[in-house]
Each structure stands twice: as C-alpha cells, then as structure tokens.
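Source file: data.txt. Holds: compact mmCIF, C-alpha atoms.
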```
# COMPACT_ATOMS: atom_id res chain seq x y z
CA MET A 1 74.43 112.24 119.05
CA ALA A 2 77.37 112.19 116.72
CA LYS A 3 80.55 110.96 118.28
CA VAL A 4 83.50 113.21 117.59
CA ARG A 5 86.62 111.21 116.96
CA THR A 6 89.97 112.25 115.63
CA PRO A 7 90.67 109.81 112.80
CA PRO A 8 93.63 107.66 113.79
CA ILE A 9 96.74 107.58 111.61
CA TYR A 10 97.97 104.05 110.98
CA THR A 11 101.70 104.20 110.42
CA THR A 12 102.04 100.72 108.93
CA PRO A 13 99.82 98.52 106.74
CA THR A 14 99.71 95.99 109.60
CA ASP A 15 98.34 98.64 111.97
CA ALA A 16 95.55 99.42 109.50
CA ALA A 17 94.73 95.73 109.09
CA MET A 18 94.70 95.17 112.86
CA ALA A 19 92.37 98.14 113.36
CA PHE A 20 90.15 96.73 110.61
CA TYR A 21 89.70 93.42 112.45
CA GLN A 22 89.27 95.16 115.82
CA ALA A 23 86.46 97.29 114.34
CA PHE A 24 84.98 94.14 112.77
CA GLU A 25 84.91 92.36 116.14
CA ALA A 26 83.50 95.46 117.86
CA LYS A 27 80.84 95.88 115.12
CA ASP A 28 81.76 99.58 115.11
CA VAL A 29 80.92 101.09 111.71
CA ASP A 30 82.61 104.43 112.42
CA ALA A 31 85.81 102.76 113.59
CA MET A 32 85.65 100.40 110.62
CA MET A 33 85.35 103.25 108.13
CA THR A 34 88.33 105.11 109.61
CA THR A 35 90.43 102.14 108.50
CA TRP A 36 89.32 102.63 104.85
CA ALA A 37 90.58 105.18 102.33
CA GLU A 38 87.96 107.83 101.56
CA ASP A 39 87.93 106.97 97.91
CA GLU A 40 85.53 105.97 95.18
CA GLU A 41 87.85 103.14 94.12
CA ILE A 42 87.75 101.10 97.33
CA VAL A 43 86.42 97.56 96.99
CA CYS A 44 84.82 95.24 99.54
CA VAL A 45 83.66 91.67 98.95
CA HIS A 46 82.03 89.84 101.85
CA PRO A 47 81.95 86.01 101.56
CA GLY A 48 79.40 85.09 98.89
CA GLY A 49 78.31 88.70 98.56
CA THR A 50 78.15 91.23 95.79
CA ARG A 51 81.25 93.32 95.20
CA LEU A 52 80.83 96.75 96.79
CA VAL A 53 82.73 99.66 95.22
CA GLY A 54 83.12 103.16 96.67
CA TYR A 55 83.04 104.58 100.19
CA ASP A 56 79.26 104.83 100.54
CA ALA A 57 78.56 101.31 99.25
CA VAL A 58 81.29 99.84 101.45
CA ARG A 59 79.93 101.66 104.50
CA GLN A 60 76.39 100.43 103.82
CA GLY A 61 77.73 96.90 103.52
CA TRP A 62 79.25 97.09 107.00
CA GLU A 63 76.08 98.66 108.42
CA GLN A 64 74.05 95.72 107.10
CA LEU A 65 76.56 93.16 108.33
CA PHE A 66 76.80 94.70 111.80
CA ALA A 67 73.00 94.95 112.09
CA GLY A 68 72.90 91.18 112.57
CA ASP A 69 73.07 89.56 116.01
CA ALA A 70 76.28 87.64 115.50
CA ARG A 71 79.41 88.97 117.11
CA LEU A 72 82.42 87.49 115.36
CA THR A 73 85.90 86.94 116.63
CA PHE A 74 88.82 86.46 114.25
CA ARG A 75 92.10 84.67 114.34
CA LEU A 76 94.34 85.23 111.33
CA ASP A 77 96.46 82.32 110.22
CA GLN A 78 99.16 81.77 107.57
CA VAL A 79 99.54 85.48 106.94
CA VAL A 80 101.41 86.54 103.82
CA MET A 81 102.35 90.23 103.58
CA ILE A 82 103.89 92.01 100.61
CA GLU A 83 104.76 95.61 101.40
CA THR A 84 106.03 98.39 99.16
CA VAL A 85 106.33 102.12 99.84
CA GLY A 86 102.83 102.96 98.66
CA LEU A 87 100.74 99.80 98.66
CA ALA A 88 100.69 96.57 100.65
CA MET A 89 98.91 93.26 100.34
CA GLN A 90 97.94 90.93 103.15
CA SER A 91 96.61 87.46 102.47
CA ALA A 92 95.39 85.32 105.34
CA ILE A 93 93.10 82.55 106.44
CA GLU A 94 90.46 84.08 108.73
CA HIS A 95 89.31 81.66 111.42
CA LEU A 96 85.95 82.99 112.58
CA GLN A 97 83.86 82.19 115.57
CA ALA A 98 80.34 83.53 116.14
CA GLY A 99 79.80 84.17 119.87
CA GLU A 100 81.73 82.50 122.66
CA GLU A 101 80.49 79.00 121.98
CA GLY A 102 79.23 79.65 118.48
CA THR A 103 79.81 78.13 115.12
CA ARG A 104 83.23 78.26 113.60
CA GLY A 105 84.24 78.77 110.03
CA ALA A 106 87.07 79.94 107.87
CA ALA A 107 87.46 82.40 105.06
CA VAL A 108 90.26 83.35 102.72
CA ALA A 109 90.94 87.08 102.82
CA THR A 110 92.95 89.39 100.60
CA ASN A 111 93.41 92.87 102.07
CA VAL A 112 95.12 95.72 100.24
CA MET A 113 96.31 98.79 102.13
CA MET A 114 97.43 102.10 100.59
CA ARG A 115 99.58 104.84 102.07
CA THR A 116 97.50 108.02 102.02
CA PRO A 117 98.15 111.51 103.43
CA SER A 118 96.20 110.22 106.48
CA GLY A 119 98.35 107.14 106.96
CA TRP A 120 97.79 103.59 105.75
CA ARG A 121 94.20 102.75 104.86
CA ILE A 122 92.36 99.73 103.49
CA VAL A 123 91.48 99.97 99.78
CA CYS A 124 90.36 96.38 99.25
CA HIS A 125 88.95 93.59 101.40
CA HIS A 126 88.05 90.43 99.50
CA ALA A 127 86.85 87.52 101.61
CA SER A 128 85.45 84.23 100.38
CA PRO A 129 84.53 80.99 102.13
CA ALA A 130 87.48 78.65 102.65
CA PRO A 131 86.84 75.02 101.74
CA PRO A 132 87.10 72.50 104.58
CA VAL A 133 90.74 71.62 105.13
CA SER A 134 91.41 67.95 104.74
CA ASP A 135 94.63 66.19 103.89
CA ALA A 136 92.99 62.80 104.19
CA PRO A 137 90.02 61.72 102.04
CA ALA A 138 86.82 62.94 103.67
CA SER A 139 85.46 59.44 104.10
CA GLY A 140 88.68 57.86 105.31
CA PRO A 141 89.72 57.07 108.87
CA LEU A 142 91.65 59.65 110.84
CA HIS A 143 94.46 57.23 111.59
CA MET B 1 110.53 68.61 74.69
CA ALA B 2 111.04 71.75 76.68
CA LYS B 3 110.07 74.91 74.91
CA VAL B 4 112.66 77.65 75.19
CA ARG B 5 111.05 81.00 75.69
CA THR B 6 112.52 84.32 76.68
CA PRO B 7 110.40 85.48 79.60
CA PRO B 8 108.48 88.59 78.56
CA ILE B 9 108.86 91.84 80.48
CA TYR B 10 105.53 93.46 81.27
CA THR B 11 106.07 97.19 81.52
CA THR B 12 102.75 97.97 83.22
CA PRO B 13 100.52 96.13 85.72
CA THR B 14 97.79 96.09 83.06
CA ASP B 15 100.11 94.31 80.62
CA ALA B 16 100.80 91.63 83.24
CA ALA B 17 97.09 91.22 83.96
CA MET B 18 96.26 90.97 80.24
CA ALA B 19 98.95 88.34 79.73
CA PHE B 20 97.54 86.46 82.73
CA TYR B 21 94.07 86.23 81.16
CA GLN B 22 95.50 85.37 77.71
CA ALA B 23 97.45 82.48 79.24
CA PHE B 24 94.31 81.43 81.14
CA GLU B 25 92.28 81.32 77.92
CA ALA B 26 95.10 79.50 76.10
CA LYS B 27 95.47 77.01 78.99
CA ASP B 28 99.23 77.54 78.70
CA VAL B 29 100.90 76.80 82.04
CA ASP B 30 104.32 78.08 80.97
CA ALA B 31 102.88 81.35 79.68
CA MET B 32 100.75 81.62 82.82
CA MET B 33 103.75 81.22 85.11
CA THR B 34 105.76 83.88 83.28
CA THR B 35 103.09 86.34 84.44
CA TRP B 36 103.74 85.43 88.10
CA ALA B 37 106.58 86.60 90.34
CA GLU B 38 109.02 83.79 91.14
CA ASP B 39 108.43 84.10 94.83
CA GLU B 40 107.42 81.99 97.80
CA GLU B 41 104.92 84.65 98.87
CA ILE B 42 102.64 84.55 95.83
CA VAL B 43 99.02 83.62 96.51
CA CYS B 44 96.37 82.08 94.25
CA VAL B 45 92.76 81.34 95.17
CA HIS B 46 90.58 79.70 92.54
CA PRO B 47 86.80 80.02 93.09
CA GLY B 48 85.83 77.76 95.98
CA GLY B 49 89.33 76.35 96.16
CA THR B 50 92.05 76.11 98.76
CA ARG B 51 94.47 79.02 98.97
CA LEU B 52 97.71 78.17 97.19
CA VAL B 53 100.90 79.86 98.40
CA GLY B 54 104.30 79.79 96.68
CA TYR B 55 105.43 79.34 93.09
CA ASP B 56 105.29 75.53 93.01
CA ALA B 57 101.84 75.27 94.59
CA VAL B 58 100.47 77.99 92.31
CA ARG B 59 101.91 76.25 89.23
CA GLN B 60 100.42 72.90 90.27
CA GLY B 61 97.04 74.60 90.70
CA TRP B 62 97.12 75.86 87.12
CA GLU B 63 98.27 72.46 85.84
CA GLN B 64 95.26 70.83 87.52
CA LEU B 65 92.87 73.49 86.27
CA PHE B 66 94.16 73.34 82.70
CA ALA B 67 94.03 69.50 82.68
CA GLY B 68 90.24 69.73 82.44
CA ASP B 69 88.40 69.85 79.13
CA ALA B 70 86.81 73.25 79.53
CA ARG B 71 88.34 76.13 77.62
CA LEU B 72 87.28 79.38 79.22
CA THR B 73 86.96 82.82 77.73
CA PHE B 74 86.94 85.91 79.90
CA ARG B 75 85.47 89.35 79.69
CA LEU B 76 86.45 91.73 82.47
CA ASP B 77 83.86 94.21 83.63
CA GLN B 78 83.75 97.11 86.11
CA VAL B 79 87.53 97.17 86.45
CA VAL B 80 88.99 99.13 89.34
CA MET B 81 92.76 99.71 89.25
CA ILE B 82 94.91 101.25 91.96
CA GLU B 83 98.50 101.71 90.85
CA THR B 84 101.56 102.84 92.79
CA VAL B 85 105.22 102.71 91.83
CA GLY B 86 105.82 99.24 93.23
CA LEU B 87 102.50 97.48 93.60
CA ALA B 88 99.13 97.63 91.84
CA MET B 89 95.69 96.20 92.53
CA GLN B 90 93.07 95.30 89.97
CA SER B 91 89.54 94.37 90.97
CA ALA B 92 87.09 93.17 88.35
CA ILE B 93 84.04 91.11 87.62
CA GLU B 94 85.14 88.18 85.44
CA HIS B 95 82.43 87.08 83.02
CA LEU B 96 83.34 83.55 82.03
CA GLN B 97 82.13 81.32 79.26
CA ALA B 98 83.09 77.66 78.87
CA GLY B 99 83.40 76.82 75.16
CA GLU B 100 81.71 78.72 72.36
CA GLU B 101 78.16 77.86 73.38
CA GLY B 102 78.96 76.77 76.90
CA THR B 103 77.77 77.74 80.30
CA ARG B 104 78.34 81.24 81.55
CA GLY B 105 79.20 82.44 84.99
CA ALA B 106 80.77 85.29 86.83
CA ALA B 107 83.47 85.62 89.44
CA VAL B 108 84.86 88.47 91.49
CA ALA B 109 88.61 88.77 91.09
CA THR B 110 91.26 90.67 92.97
CA ASN B 111 94.65 90.67 91.25
CA VAL B 112 97.78 92.21 92.74
CA MET B 113 100.81 92.96 90.58
CA MET B 114 104.31 93.83 91.79
CA ARG B 115 107.13 95.58 89.95
CA THR B 116 110.09 93.21 89.95
CA PRO B 117 113.51 93.39 88.25
CA SER B 118 111.81 91.38 85.46
CA GLY B 119 108.92 93.79 85.03
CA TRP B 120 105.43 93.69 86.52
CA ARG B 121 104.32 90.28 87.74
CA ILE B 122 101.26 88.84 89.44
CA VAL B 123 101.69 88.21 93.19
CA CYS B 124 98.05 87.49 94.05
CA HIS B 125 94.98 86.23 92.20
CA HIS B 126 91.91 85.77 94.39
CA ALA B 127 88.75 84.74 92.56
CA SER B 128 85.44 83.76 94.12
CA PRO B 129 82.00 83.06 92.66
CA ALA B 130 79.92 86.19 92.08
CA PRO B 131 76.32 85.99 93.30
CA PRO B 132 73.59 86.40 90.67
CA VAL B 133 73.11 90.10 89.97
CA SER B 134 69.66 91.39 90.81
CA ASP B 135 68.67 94.93 91.69
CA ALA B 136 65.01 94.03 92.10
CA PRO B 137 63.74 91.51 94.66
CA ALA B 138 63.88 88.08 93.05
CA SER B 139 60.13 87.57 93.34
CA GLY B 140 59.06 91.13 92.57
CA PRO B 141 57.96 92.73 89.31
CA LEU B 142 60.54 94.46 87.15
CA HIS B 143 58.51 97.69 87.06
```

How does this structure look as structure tokens?
Amino acid sequence: MAKVRTPPIYTTPTDAAMAFYQAFEAKDVDAMMTTWAEDEEIVCVHPGGTRLVGYDAVRQGWEQLFAGDARLTFRLDQVVMIETVGLAMQSAIEHLQAGEEGTRGAAVATNVMMRTPSGWRIVCHHASPAPPVSDAPASGPLH
Amino acid sequence: MAKVRTPPIYTTPTDAAMAFYQAFEAKDVDAMMTTWAEDEEIVCVHPGGTRLVGYDAVRQGWEQLFAGDARLTFRLDQVVMIETVGLAMQSAIEHLQAGEEGTRGAAVATNVMMRTPSGWRIVCHHASPAPPVSDAPASGPLH
C-alpha cells in the first residue's frame, strides 16, 4: 500500500537538514527522499562508501542502509552554516549512537541544500569517519 | 623574504577550484590560501583527518601537508557542479598520484565556493578516501 503524503516544503536550509536527520533516525526512506532535490546531480557519500550520484542511486543507498538492524541517533556538534539566497552549506560533527546502549562514533558531514520551487532540499550529503579526538598523546596519562 | 603577490580574482567557481588544485600540486601554501575565503567559517577535511575550521587552522593544515616529501598530481573525474549566484558546489572523484611513478589512489571530494567581494573563493573542501571501485563481486568472474 503506497502511502500518500504531501511533500513538505522546507522554508529554510536548516529545516531541510533537520528533516534529513529525523528521517535518518526514523529509517524512513520516503521521508528521507522528500528532503532531497529530485535531480540527477544530487550526491550522497556514506562513510567509507562509494559516491552515489542521482536520485535513484541515492534512494537505493538509503534503502540499503535502512535495511540493516541498527537504529542510529544523531547529535550534531560544532555546526558551521553558510547560507546564500540559493544554496547553503552545513558542516558538522555527527555524534552517532547505535541503539540506546549501543556503540558510539563520530563522522564529519558536509551537507549542501538548494532552494528549489518546492522549498529547500538537500543536494549533497558527504559523510566520512571522524578520527578519534585527542588533544593529549594517545599513550599519555589523562592528567 | 615575504613574496608580494596581488591576490587573484577568480571570476567563476570553476576558476577557484582549478587554482585550488594547481596550488595543491605546486605545494604552494600562499597560492593555496588565496583560493580560500578569509573567513572564520571555512572548513577543510583532509582524508582521514580532523576537521579544520577557520582561516588559521586551514592554513596550518596545508603547511603540514605540504611539509611532506610527496608531490601529488590530481585528475578530477565524474565532476558534478551546482552553481547559484552566490554559492557553488563541486563534487568529484580525485585520482591522485604521488610522484611520477608513485602510488595511486582516489578520494571523494566535495568543494564549496562562495562569491566574495574578492571573487569566488573556497569555503569548504571535504575529501575522504574512495573505496576501491568494483562493479563485479570481488571474488566473481568478470564475465
């Protein structure tokens, strides 16, 4: 049974990015794809994965990712946003947690949103593993 | 001895991106930094590295990278460009070679350029290692 949904209109780049992460946490492919521009030039790079280009390839990538058992939760940190009238860039550290007590990790994400006739939509999501953060030498004492 | 250079004005996002890769190949920190916006919101992620934010941190990152022996050459492949009046995004596969007969590798790069009073400048470079490309299963026959 196909769900009939009116595609939402995101009035700011931040709204589109928030909806993106909400759909990611909900593992909802349809909701995820309403945050993307329907365009052959959209780009998605999952951490360590092949670059996916175009609406169909990006959708398939999310279907594969959401087919797994893990349910991720995100907390964005150190967000940088550059916004112009037609295009916006968000850079952030994604703190991820798999399940309620699950493993934690971090990724660096660059998201690019474009203003379309249907509101702001994602045109690029590039995520890559963040190295462990350490100001002190790894083998040194904490204090 | 400080070199006195008039900062170039890049009239298109592509010009800024080309100058970026030329400076990268030349290992020229000053030329590299004239391709970047003088801004505290600029973001640079080298493959596997920590995210660097702000002009000084980005410059130090290039100084460290260029201090090494390797001289890289780049060939960009499968370029996707989204361009608006104020901001542009370039996504590409970077094919890298270290030295004339050196090792080869590939990275996925997302570059974001912004139109500033001084022309188009880089505001984000996010590069991460590209996985080996294989359409066929690794253990399967080619035909």

What does chain B look like after a least-squares fit onto chain A on every Cα paired in order, written as a JSON list (two decimals) with C-alpha atoms, in the coordinates of the input?
```json
[["chain", "number", "residue", "atom", "x", "y", "z"],
["B", 1, "MET", "CA", 74.45, 112.40, 118.61],
["B", 2, "ALA", "CA", 77.47, 112.38, 116.38],
["B", 3, "LYS", "CA", 80.62, 111.20, 118.03],
["B", 4, "VAL", "CA", 83.60, 113.42, 117.33],
["B", 5, "ARG", "CA", 86.71, 111.39, 116.77],
["B", 6, "THR", "CA", 90.09, 112.38, 115.43],
["B", 7, "PRO", "CA", 90.78, 109.90, 112.65],
["B", 8, "PRO", "CA", 93.73, 107.73, 113.66],
["B", 9, "ILE", "CA", 96.85, 107.57, 111.50],
["B", 10, "TYR", "CA", 98.03, 104.02, 110.92],
["B", 11, "THR", "CA", 101.77, 104.10, 110.38],
["B", 12, "THR", "CA", 102.05, 100.58, 108.94],
["B", 13, "PRO", "CA", 99.79, 98.38, 106.78],
["B", 14, "THR", "CA", 99.65, 95.90, 109.68],
["B", 15, "ASP", "CA", 98.33, 98.61, 112.00],
["B", 16, "ALA", "CA", 95.55, 99.38, 109.51],
["B", 17, "ALA", "CA", 94.68, 95.70, 109.16],
["B", 18, "MET", "CA", 94.62, 95.22, 112.95],
["B", 19, "ALA", "CA", 92.35, 98.23, 113.38],
["B", 20, "PHE", "CA", 90.11, 96.80, 110.65],
["B", 21, "TYR", "CA", 89.61, 93.52, 112.54],
["B", 22, "GLN", "CA", 89.18, 95.33, 115.89],
["B", 23, "ALA", "CA", 86.41, 97.46, 114.38],
["B", 24, "PHE", "CA", 84.88, 94.32, 112.85],
["B", 25, "GLU", "CA", 84.79, 92.59, 116.24],
["B", 26, "ALA", "CA", 83.43, 95.75, 117.91],
["B", 27, "LYS", "CA", 80.79, 96.16, 115.17],
["B", 28, "ASP", "CA", 81.75, 99.85, 115.08],
["B", 29, "VAL", "CA", 80.95, 101.31, 111.65],
["B", 30, "ASP", "CA", 82.68, 104.63, 112.32],
["B", 31, "ALA", "CA", 85.86, 102.93, 113.52],
["B", 32, "MET", "CA", 85.66, 100.53, 110.58],
["B", 33, "MET", "CA", 85.42, 103.36, 108.06],
["B", 34, "THR", "CA", 88.41, 105.19, 109.52],
["B", 35, "THR", "CA", 90.47, 102.16, 108.45],
["B", 36, "TRP", "CA", 89.37, 102.61, 104.81],
["B", 37, "ALA", "CA", 90.67, 105.10, 102.25],
["B", 38, "GLU", "CA", 88.10, 107.77, 101.42],
["B", 39, "ASP", "CA", 88.06, 106.84, 97.78],
["B", 40, "GLU", "CA", 85.64, 105.84, 95.06],
["B", 41, "GLU", "CA", 87.92, 102.97, 94.05],
["B", 42, "ILE", "CA", 87.80, 100.98, 97.29],
["B", 43, "VAL", "CA", 86.42, 97.45, 97.01],
["B", 44, "CYS", "CA", 84.78, 95.19, 99.59],
["B", 45, "VAL", "CA", 83.58, 91.63, 99.06],
["B", 46, "HIS", "CA", 81.91, 89.88, 101.97],
["B", 47, "PRO", "CA", 81.77, 86.06, 101.75],
["B", 48, "GLY", "CA", 79.20, 85.12, 99.12],
["B", 49, "GLY", "CA", 78.18, 88.73, 98.71],
["B", 50, "THR", "CA", 78.05, 91.23, 95.89],
["B", 51, "ARG", "CA", 81.18, 93.27, 95.27],
["B", 52, "LEU", "CA", 80.83, 96.73, 96.80],
["B", 53, "VAL", "CA", 82.76, 99.59, 95.20],
["B", 54, "GLY", "CA", 83.20, 103.10, 96.60],
["B", 55, "TYR", "CA", 83.14, 104.57, 100.10],
["B", 56, "ASP", "CA", 79.36, 104.88, 100.43],
["B", 57, "ALA", "CA", 78.60, 101.37, 99.20],
["B", 58, "VAL", "CA", 81.32, 99.89, 101.41],
["B", 59, "ARG", "CA", 79.98, 101.77, 104.45],
["B", 60, "GLN", "CA", 76.42, 100.60, 103.77],
["B", 61, "GLY", "CA", 77.70, 97.02, 103.54],
["B", 62, "TRP", "CA", 79.23, 97.25, 107.01],
["B", 63, "GLU", "CA", 76.08, 98.89, 108.40],
["B", 64, "GLN", "CA", 74.01, 95.96, 107.11],
["B", 65, "LEU", "CA", 76.47, 93.39, 108.40],
["B", 66, "PHE", "CA", 76.73, 94.98, 111.84],
["B", 67, "ALA", "CA", 72.91, 95.30, 112.12],
["B", 68, "GLY", "CA", 72.74, 91.54, 112.69],
["B", 69, "ASP", "CA", 72.91, 89.98, 116.14],
["B", 70, "ALA", "CA", 76.07, 87.98, 115.66],
["B", 71, "ARG", "CA", 79.24, 89.32, 117.24],
["B", 72, "LEU", "CA", 82.22, 87.76, 115.53],
["B", 73, "THR", "CA", 85.71, 87.17, 116.82],
["B", 74, "PHE", "CA", 88.60, 86.61, 114.47],
["B", 75, "ARG", "CA", 91.87, 84.77, 114.59],
["B", 76, "LEU", "CA", 94.13, 85.23, 111.58],
["B", 77, "ASP", "CA", 96.21, 82.28, 110.50],
["B", 78, "GLN", "CA", 98.89, 81.63, 107.86],
["B", 79, "VAL", "CA", 99.34, 85.34, 107.17],
["B", 80, "VAL", "CA", 101.23, 86.31, 104.04],
["B", 81, "MET", "CA", 102.22, 89.99, 103.75],
["B", 82, "ILE", "CA", 103.79, 91.71, 100.76],
["B", 83, "GLU", "CA", 104.72, 95.30, 101.51],
["B", 84, "THR", "CA", 106.03, 98.04, 99.23],
["B", 85, "VAL", "CA", 106.38, 101.75, 99.85],
["B", 86, "GLY", "CA", 102.90, 102.63, 98.63],
["B", 87, "LEU", "CA", 100.76, 99.52, 98.68],
["B", 88, "ALA", "CA", 100.67, 96.32, 100.73],
["B", 89, "MET", "CA", 98.82, 93.02, 100.45],
["B", 90, "GLN", "CA", 97.83, 90.75, 103.29],
["B", 91, "SER", "CA", 96.45, 87.28, 102.68],
["B", 92, "ALA", "CA", 95.19, 85.21, 105.58],
["B", 93, "ILE", "CA", 92.86, 82.49, 106.72],
["B", 94, "GLU", "CA", 90.24, 84.10, 108.98],
["B", 95, "HIS", "CA", 89.03, 81.75, 111.70],
["B", 96, "LEU", "CA", 85.71, 83.14, 112.83],
["B", 97, "GLN", "CA", 83.57, 82.44, 115.84],
["B", 98, "ALA", "CA", 80.08, 83.84, 116.37],
["B", 99, "GLY", "CA", 79.56, 84.56, 120.09],
["B", 100, "GLU", "CA", 81.47, 82.90, 122.90],
["B", 101, "GLU", "CA", 80.15, 79.40, 122.27],
["B", 102, "GLY", "CA", 78.89, 80.02, 118.77],
["B", 103, "THR", "CA", 79.47, 78.45, 115.43],
["B", 104, "ARG", "CA", 82.91, 78.50, 113.91],
["B", 105, "GLY", "CA", 83.93, 78.93, 110.34],
["B", 106, "ALA", "CA", 86.79, 80.00, 108.18],
["B", 107, "ALA", "CA", 87.22, 82.41, 105.32],
["B", 108, "VAL", "CA", 90.05, 83.29, 102.97],
["B", 109, "ALA", "CA", 90.79, 87.00, 103.01],
["B", 110, "THR", "CA", 92.82, 89.24, 100.77],
["B", 111, "ASN", "CA", 93.32, 92.74, 102.17],
["B", 112, "VAL", "CA", 95.08, 95.54, 100.31],
["B", 113, "MET", "CA", 96.32, 98.63, 102.13],
["B", 114, "MET", "CA", 97.48, 101.89, 100.55],
["B", 115, "ARG", "CA", 99.66, 104.63, 102.01],
["B", 116, "THR", "CA", 97.64, 107.83, 101.89],
["B", 117, "PRO", "CA", 98.32, 111.34, 103.26],
["B", 118, "SER", "CA", 96.35, 110.12, 106.32],
["B", 119, "GLY", "CA", 98.45, 107.02, 106.85],
["B", 120, "TRP", "CA", 97.86, 103.45, 105.70],
["B", 121, "ARG", "CA", 94.26, 102.65, 104.81],
["B", 122, "ILE", "CA", 92.37, 99.65, 103.49],
["B", 123, "VAL", "CA", 91.52, 99.83, 99.76],
["B", 124, "CYS", "CA", 90.34, 96.24, 99.29],
["B", 125, "HIS", "CA", 88.89, 93.50, 101.49],
["B", 126, "HIS", "CA", 87.93, 90.34, 99.62],
["B", 127, "ALA", "CA", 86.70, 87.48, 101.80],
["B", 128, "SER", "CA", 85.25, 84.19, 100.61],
["B", 129, "PRO", "CA", 84.28, 80.99, 102.42],
["B", 130, "ALA", "CA", 87.20, 78.61, 102.98],
["B", 131, "PRO", "CA", 86.51, 74.97, 102.11],
["B", 132, "PRO", "CA", 86.82, 72.44, 104.95],
["B", 133, "VAL", "CA", 90.48, 71.59, 105.45],
["B", 134, "SER", "CA", 91.32, 67.96, 104.85],
["B", 135, "ASP", "CA", 94.65, 66.50, 103.83],
["B", 136, "ALA", "CA", 93.33, 62.94, 103.82],
["B", 137, "PRO", "CA", 90.50, 61.77, 101.55],
["B", 138, "ALA", "CA", 87.23, 62.44, 103.36],
["B", 139, "SER", "CA", 86.29, 58.76, 103.45],
["B", 140, "GLY", "CA", 89.76, 57.35, 104.08],
["B", 141, "PRO", "CA", 91.47, 56.35, 107.32],
["B", 142, "LEU", "CA", 93.63, 58.88, 109.12],
["B", 143, "HIS", "CA", 96.61, 56.51, 109.18]]
```

Restricting to only C-alpha atoms, whichever of A:Pro129, A:Gly61, A:Gly119, A:Gly105 is closest to chain B is A:Pro129

Could you tell me which of B:Arg71, B:Arg121, B:His46, B:Arg51 comes closest to chain A if we count all atoms listed in the file?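 Closest residue, counting all atoms listed in the file: B:Arg51.
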
Straight-line distance linking CA of Val79 (chain B) with CA of His95 (chain B), stated in Å to one decimal: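 Separation of CA of Val79 (chain B) and CA of His95 (chain B): 11.8 Å.
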
Contacts of Val112 (chain B) at 7 Å (all atoms listed in the file; same-chain gap of 2+ positions) as a compact mmCIF listing (two decimals) with C-alpha atoms, in the frame of the given file:
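Saved the output as part-v9.txt:
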```txt
# COMPACT_ATOMS: atom_id res chain seq x y z
CA ALA B 88 99.13 97.63 91.84
CA MET B 89 95.69 96.20 92.53
CA GLN B 90 93.07 95.30 89.97
CA THR B 110 91.26 90.67 92.97
CA MET B 114 104.31 93.83 91.79
CA ILE B 122 101.26 88.84 89.44
CA VAL B 123 101.69 88.21 93.19
CA CYS B 124 98.05 87.49 94.05
CA HIS B 125 94.98 86.23 92.20
```

For a quick test of understanding: name the residues of chain A lying within 8 Å of chain B when counting only C-alpha atoms, and present them as a list of chain:residue names. A:Glu41, A:Val43, A:Gly48, A:Gly49, A:Thr50, A:Arg51, A:Val80, A:Met81, A:Ile82, A:Thr84, A:Val85, A:Gly86, A:Leu87, A:Ala88, A:Met89, A:Ser91, A:Val108, A:Thr110, A:Val112, A:His126, A:Ser128, A:Pro129, A:Ala130, A:Pro131, A:Val133

I'd like the interatomic distance between CA of Leu96 (chain A) and CA of Thr34 (chain A), to a tenth of an Å. 22.4 Å

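As for CA of Asp77 (chain A) and CA of Ala17 (chain A), they are spaced 13.6 Å apart.
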
Rank nothing, just name the residue among B:Ala26, B:Ala98, B:Ala19, B:Met32 nearest to Ala70 (chain B), using all atoms listed in the file.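 Nearest to Ala70 (chain B): B:Ala98.
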
Compile the contact shell of Phe20 (chain B) as an MDAnalysis selection string: residues with an atom at most 9 Å away, counting only C-alpha atoms, same-chain residues fewer than 2 positions apart removed. chainID B and resid 15:18 22:25 31:36 122

So that I can see what lies close to Glu94 (chain B), please list as a VMD selection string the residues with an atom at most 6 Å from it, counting all atoms listed in the file and leaving out residues fewer than 6 positions away in the same chain. chain B and resid 75 to 76 106 to 107

So for region 73-90 of chain A, what box centre and size do we get, axis-aligned, 4 Å extra on each of the six sides, every listed atom, Å to one decimal, as JSON?
```
{"center_x": 96.1, "center_y": 92.4, "center_z": 107.6, "size_x": 28.4, "size_y": 29.2, "size_z": 26.0}
```

Residues near Gln97 (chain B), cut-off 6 Å, only C-alpha atoms, skip fewer than 2 positions along chain, as a PyMOL selection string: chain B and resi 72-73+103-104
